[in-house]
Amino acid sequence: MYMILRWLINAIGLLAIAYFVPGIEVESLYYAMILVVVIGLVNSVLGMILKLITWPINILTLGLSNLVINAVIFALVAKYIQGFDIQVWWAAVLGAVLYTIVTTFSSWLYKESYMH
């Protein structure tokens, strides 16, 4: 139950990001729910591989290379999923940063509710 609530929070956050960041478009809550699952799957597989490969660069840049990796994953998902569009690279970067904040918040809520 809490996992579905977490997905819903992430989807609403994704809709809010699309509303406030020019250059990002999400058609509806339905597409946002699909995007949450796809972004999570791509990030867990491809993101982990890219972060492992770029680990030395990540140390040198004090973690800023993770920002680029998250933006690339965000833009990659937008390229292949219908109902999600990113027009500008900087919108992908800002959207990835904001989406990371939203998922961190929902993860924190999920952990708090799981502990009780």
# chains A, B, ... in the order shown; residues from 1 in each chain; ligands from 1
>>> residues_around(residues="segment 30-35 of chain A", least_positions_apart="5", cutoff="9 Å", atoms="only C-alpha atoms", output="ChimeraX atom specification")
/A:7-8,10-15,40,77-78,81-84
>>> residues_around(residues="Ile69 of chain A", least_positions_apart="2", cutoff="10 Å", atoms="only C-alpha atoms", output="number ranges by chain")
A: 43, 46-48, 50-51, 54, 64-67, 71-75, 93, 96
>>> write_last_selection(atoms="C-alpha atoms", output="mmCIF file, in the first residue's frame")
data_model
loop_
_atom_site.group_PDB
_atom_site.id
_atom_site.type_symbol
_atom_site.label_atom_id
_atom_site.label_comp_id
_atom_site.auth_asym_id
_atom_site.auth_seq_id
_atom_site.Cartn_x
_atom_site.Cartn_y
_atom_site.Cartn_z
ATOM 1 C CA ASN A 43 17.644 4.293 -13.118
ATOM 2 C CA LEU A 46 21.299 1.766 -16.521
ATOM 3 C CA GLY A 47 21.877 4.370 -13.817
ATOM 4 C CA MET A 48 23.739 1.920 -11.626
ATOM 5 C CA LEU A 50 26.740 4.423 -15.496
ATOM 6 C CA LYS A 51 27.442 5.432 -11.904
ATOM 7 C CA THR A 54 31.921 7.064 -13.827
ATOM 8 C CA LEU A 64 28.282 16.508 -9.760
ATOM 9 C CA SER A 65 28.626 13.818 -12.419
ATOM 10 C CA ASN A 66 25.603 12.094 -10.844
ATOM 11 C CA LEU A 67 23.588 15.155 -11.819
ATOM 12 C CA ALA A 71 19.638 14.237 -16.486
ATOM 13 C CA VAL A 72 20.699 11.794 -19.226
ATOM 14 C CA ILE A 73 18.367 9.130 -17.816
ATOM 15 C CA PHE A 74 15.548 11.688 -17.571
ATOM 16 C CA ALA A 75 16.083 12.766 -21.201
ATOM 17 C CA VAL A 93 18.909 18.878 -15.749
ATOM 18 C CA ALA A 96 16.188 15.613 -12.806
#
>>> select_by_dssp(residues="chain A", states="strand (DSSP E)", output="list of chain:residue names")
A:Ile24, A:Glu25, A:Val26, A:Phe84, A:Asp85, A:Ile86
>>> write_last_selection(atoms="C-alpha atoms", output="PDB file, in the first residue's frame")
ATOM      1  CA  ILE A  24       9.047  19.631 -19.763  1.00  0.00           C
ATOM      2  CA  GLU A  25       5.615  18.258 -20.627  1.00  0.00           C
ATOM      3  CA  VAL A  26       3.675  15.377 -19.081  1.00  0.00           C
ATOM      4  CA  PHE A  84       6.579  12.823 -21.757  1.00  0.00           C
ATOM      5  CA  ASP A  85       8.580  15.405 -23.642  1.00  0.00           C
ATOM      6  CA  ILE A  86      11.669  17.472 -22.865  1.00  0.00           C
TER       7      ILE A  86
END
>>> atom_distance(atom1="atom CA of Ala18 of chain A", atom2="atom CA of Thr61 of chain A")
28.4 Å
>>> closest_residue(among="A:Ile53, A:Leu76, A:Ala92, A:Leu41", to="Pro22 of chain A", atoms="only C-alpha atoms")
A:Ala92
>>> atom_distance(atom1="atom CA of Leu52 of chain A", atom2="atom CA of Val88 of chain A")
26.7 Å
>>> closest_residue(among="A:Ile39, A:Val45, A:Val102, A:Leu5", to="Lys79 of chain A", atoms="only C-alpha atoms")
A:Ile39
>>> select_by_dssp(residues="segment 71-108 of chain A", states="alpha helix (DSSP H)", output="number ranges by chain")
A: 71-80, 89-108
>>> atom_distance(atom1="atom CA of Val97 of chain A", atom2="atom CA of Asn70 of chain A")
7.9 Å
>>> decode(residues="chain A", atoms="C-alpha atoms", output="PDB file, in the first residue's frame")
ATOM      1  CA  MET A   1       0.000   0.000   0.000  1.00  0.00           C
ATOM      2  CA  TYR A   2       2.753   2.442   0.924  1.00  0.00           C
ATOM      3  CA  MET A   3       4.642   1.694  -2.285  1.00  0.00           C
ATOM      4  CA  ILE A   4       1.614   2.682  -4.358  1.00  0.00           C
ATOM      5  CA  LEU A   5       1.277   5.852  -2.288  1.00  0.00           C
ATOM      6  CA  ARG A   6       4.957   6.581  -2.899  1.00  0.00           C
ATOM      7  CA  TRP A   7       4.485   6.094  -6.656  1.00  0.00           C
ATOM      8  CA  LEU A   8       1.487   8.416  -6.552  1.00  0.00           C
ATOM      9  CA  ILE A   9       3.495  11.103  -4.710  1.00  0.00           C
ATOM     10  CA  ASN A  10       6.291  10.769  -7.274  1.00  0.00           C
ATOM     11  CA  ALA A  11       3.790  10.996 -10.163  1.00  0.00           C
ATOM     12  CA  ILE A  12       2.159  14.116  -8.711  1.00  0.00           C
ATOM     13  CA  GLY A  13       5.633  15.561  -8.186  1.00  0.00           C
ATOM     14  CA  LEU A  14       6.446  14.817 -11.813  1.00  0.00           C
ATOM     15  CA  LEU A  15       3.284  16.622 -12.904  1.00  0.00           C
ATOM     16  CA  ALA A  16       4.252  19.595 -10.718  1.00  0.00           C
ATOM     17  CA  ILE A  17       7.741  19.637 -12.237  1.00  0.00           C
ATOM     18  CA  ALA A  18       6.205  19.649 -15.715  1.00  0.00           C
ATOM     19  CA  TYR A  19       3.942  22.516 -14.699  1.00  0.00           C
ATOM     20  CA  PHE A  20       6.709  24.716 -13.234  1.00  0.00           C
ATOM     21  CA  VAL A  21       9.698  23.909 -15.470  1.00  0.00           C
ATOM     22  CA  PRO A  22       9.402  25.275 -19.000  1.00  0.00           C
ATOM     23  CA  GLY A  23      10.464  22.690 -21.561  1.00  0.00           C
ATOM     24  CA  ILE A  24       9.047  19.631 -19.763  1.00  0.00           C
ATOM     25  CA  GLU A  25       5.615  18.258 -20.627  1.00  0.00           C
ATOM     26  CA  VAL A  26       3.675  15.377 -19.081  1.00  0.00           C
ATOM     27  CA  GLU A  27       0.262  14.717 -20.600  1.00  0.00           C
ATOM     28  CA  SER A  28      -1.658  13.278 -17.645  1.00  0.00           C
ATOM     29  CA  LEU A  29      -1.485  11.480 -14.318  1.00  0.00           C
ATOM     30  CA  TYR A  30      -1.723   8.171 -16.182  1.00  0.00           C
ATOM     31  CA  TYR A  31       1.470   8.925 -18.114  1.00  0.00           C
ATOM     32  CA  ALA A  32       3.097  10.243 -14.959  1.00  0.00           C
ATOM     33  CA  MET A  33       2.432   6.921 -13.187  1.00  0.00           C
ATOM     34  CA  ILE A  34       3.955   5.036 -16.121  1.00  0.00           C
ATOM     35  CA  LEU A  35       6.932   7.406 -16.099  1.00  0.00           C
ATOM     36  CA  VAL A  36       7.580   6.844 -12.403  1.00  0.00           C
ATOM     37  CA  VAL A  37       7.871   3.104 -12.978  1.00  0.00           C
ATOM     38  CA  VAL A  38       9.972   3.445 -16.151  1.00  0.00           C
ATOM     39  CA  ILE A  39      12.320   6.041 -14.644  1.00  0.00           C
ATOM     40  CA  GLY A  40      12.755   3.813 -11.602  1.00  0.00           C
ATOM     41  CA  LEU A  41      13.567   0.747 -13.728  1.00  0.00           C
ATOM     42  CA  VAL A  42      15.950   2.600 -16.052  1.00  0.00           C
ATOM     43  CA  ASN A  43      17.644   4.293 -13.118  1.00  0.00           C
ATOM     44  CA  SER A  44      18.093   1.031 -11.246  1.00  0.00           C
ATOM     45  CA  VAL A  45      19.647  -0.767 -14.230  1.00  0.00           C
ATOM     46  CA  LEU A  46      21.299   1.766 -16.521  1.00  0.00           C
ATOM     47  CA  GLY A  47      21.877   4.370 -13.817  1.00  0.00           C
ATOM     48  CA  MET A  48      23.739   1.920 -11.626  1.00  0.00           C
ATOM     49  CA  ILE A  49      25.966   0.825 -14.507  1.00  0.00           C
ATOM     50  CA  LEU A  50      26.740   4.423 -15.496  1.00  0.00           C
ATOM     51  CA  LYS A  51      27.442   5.432 -11.904  1.00  0.00           C
ATOM     52  CA  LEU A  52      29.782   2.495 -11.494  1.00  0.00           C
ATOM     53  CA  ILE A  53      31.657   3.357 -14.690  1.00  0.00           C
ATOM     54  CA  THR A  54      31.921   7.064 -13.827  1.00  0.00           C
ATOM     55  CA  TRP A  55      32.842   6.503 -10.182  1.00  0.00           C
ATOM     56  CA  PRO A  56      36.371   8.001 -10.499  1.00  0.00           C
ATOM     57  CA  ILE A  57      34.951  11.094 -12.223  1.00  0.00           C
ATOM     58  CA  ASN A  58      32.322  11.305  -9.502  1.00  0.00           C
ATOM     59  CA  ILE A  59      35.041  11.493  -6.860  1.00  0.00           C
ATOM     60  CA  LEU A  60      36.873  14.251  -8.744  1.00  0.00           C
ATOM     61  CA  THR A  61      33.721  16.324  -9.316  1.00  0.00           C
ATOM     62  CA  LEU A  62      32.417  15.755  -5.769  1.00  0.00           C
ATOM     63  CA  GLY A  63      29.253  14.074  -7.022  1.00  0.00           C
ATOM     64  CA  LEU A  64      28.282  16.508  -9.760  1.00  0.00           C
ATOM     65  CA  SER A  65      28.626  13.818 -12.419  1.00  0.00           C
ATOM     66  CA  ASN A  66      25.603  12.094 -10.844  1.00  0.00           C
ATOM     67  CA  LEU A  67      23.588  15.155 -11.819  1.00  0.00           C
ATOM     68  CA  VAL A  68      24.557  14.654 -15.455  1.00  0.00           C
ATOM     69  CA  ILE A  69      23.767  10.934 -15.293  1.00  0.00           C
ATOM     70  CA  ASN A  70      20.322  11.626 -13.800  1.00  0.00           C
ATOM     71  CA  ALA A  71      19.638  14.237 -16.486  1.00  0.00           C
ATOM     72  CA  VAL A  72      20.699  11.794 -19.226  1.00  0.00           C
ATOM     73  CA  ILE A  73      18.367   9.130 -17.816  1.00  0.00           C
ATOM     74  CA  PHE A  74      15.548  11.688 -17.571  1.00  0.00           C
ATOM     75  CA  ALA A  75      16.083  12.766 -21.201  1.00  0.00           C
ATOM     76  CA  LEU A  76      16.459   9.160 -22.385  1.00  0.00           C
ATOM     77  CA  VAL A  77      13.130   8.166 -20.863  1.00  0.00           C
ATOM     78  CA  ALA A  78      11.515  11.252 -22.419  1.00  0.00           C
ATOM     79  CA  LYS A  79      12.803  10.215 -25.810  1.00  0.00           C
ATOM     80  CA  TYR A  80      11.224   6.760 -25.719  1.00  0.00           C
ATOM     81  CA  ILE A  81       8.043   7.170 -23.662  1.00  0.00           C
ATOM     82  CA  GLN A  82       4.923   8.676 -25.169  1.00  0.00           C
ATOM     83  CA  GLY A  83       3.292  11.454 -23.144  1.00  0.00           C
ATOM     84  CA  PHE A  84       6.579  12.823 -21.757  1.00  0.00           C
ATOM     85  CA  ASP A  85       8.580  15.405 -23.642  1.00  0.00           C
ATOM     86  CA  ILE A  86      11.669  17.472 -22.865  1.00  0.00           C
ATOM     87  CA  GLN A  87      12.619  20.177 -25.343  1.00  0.00           C
ATOM     88  CA  VAL A  88      15.815  21.619 -23.806  1.00  0.00           C
ATOM     89  CA  TRP A  89      18.802  19.984 -22.108  1.00  0.00           C
ATOM     90  CA  TRP A  90      18.702  22.428 -19.175  1.00  0.00           C
ATOM     91  CA  ALA A  91      15.079  21.504 -18.558  1.00  0.00           C
ATOM     92  CA  ALA A  92      16.207  17.876 -18.251  1.00  0.00           C
ATOM     93  CA  VAL A  93      18.909  18.878 -15.749  1.00  0.00           C
ATOM     94  CA  LEU A  94      16.532  20.982 -13.644  1.00  0.00           C
ATOM     95  CA  GLY A  95      13.799  18.352 -13.917  1.00  0.00           C
ATOM     96  CA  ALA A  96      16.188  15.613 -12.806  1.00  0.00           C
ATOM     97  CA  VAL A  97      17.291  17.659  -9.785  1.00  0.00           C
ATOM     98  CA  LEU A  98      13.709  18.423  -8.777  1.00  0.00           C
ATOM     99  CA  TYR A  99      12.612  14.819  -9.367  1.00  0.00           C
ATOM    100  CA  THR A 100      15.468  13.627  -7.161  1.00  0.00           C
ATOM    101  CA  ILE A 101      14.196  15.916  -4.401  1.00  0.00           C
ATOM    102  CA  VAL A 102      10.634  14.589  -4.835  1.00  0.00           C
ATOM    103  CA  THR A 103      11.721  10.932  -4.769  1.00  0.00           C
ATOM    104  CA  THR A 104      13.921  11.546  -1.742  1.00  0.00           C
ATOM    105  CA  PHE A 105      10.966  13.122   0.062  1.00  0.00           C
ATOM    106  CA  SER A 106       8.628  10.257  -0.840  1.00  0.00           C
ATOM    107  CA  SER A 107      11.263   7.737   0.180  1.00  0.00           C
ATOM    108  CA  TRP A 108      11.588   9.485   3.525  1.00  0.00           C
ATOM    109  CA  LEU A 109       7.811   9.343   3.998  1.00  0.00           C
ATOM    110  CA  TYR A 110       7.777   5.666   3.068  1.00  0.00           C
ATOM    111  CA  LYS A 111      10.516   4.844   5.573  1.00  0.00           C
ATOM    112  CA  GLU A 112       8.758   6.807   8.315  1.00  0.00           C
ATOM    113  CA  SER A 113       5.463   4.996   7.723  1.00  0.00           C
ATOM    114  CA  TYR A 114       7.192   1.622   7.457  1.00  0.00           C
ATOM    115  CA  MET A 115       8.841   2.035  10.854  1.00  0.00           C
ATOM    116  CA  HIS A 116       5.532   2.494  12.700  1.00  0.00           C
TER     117      HIS A 116
END
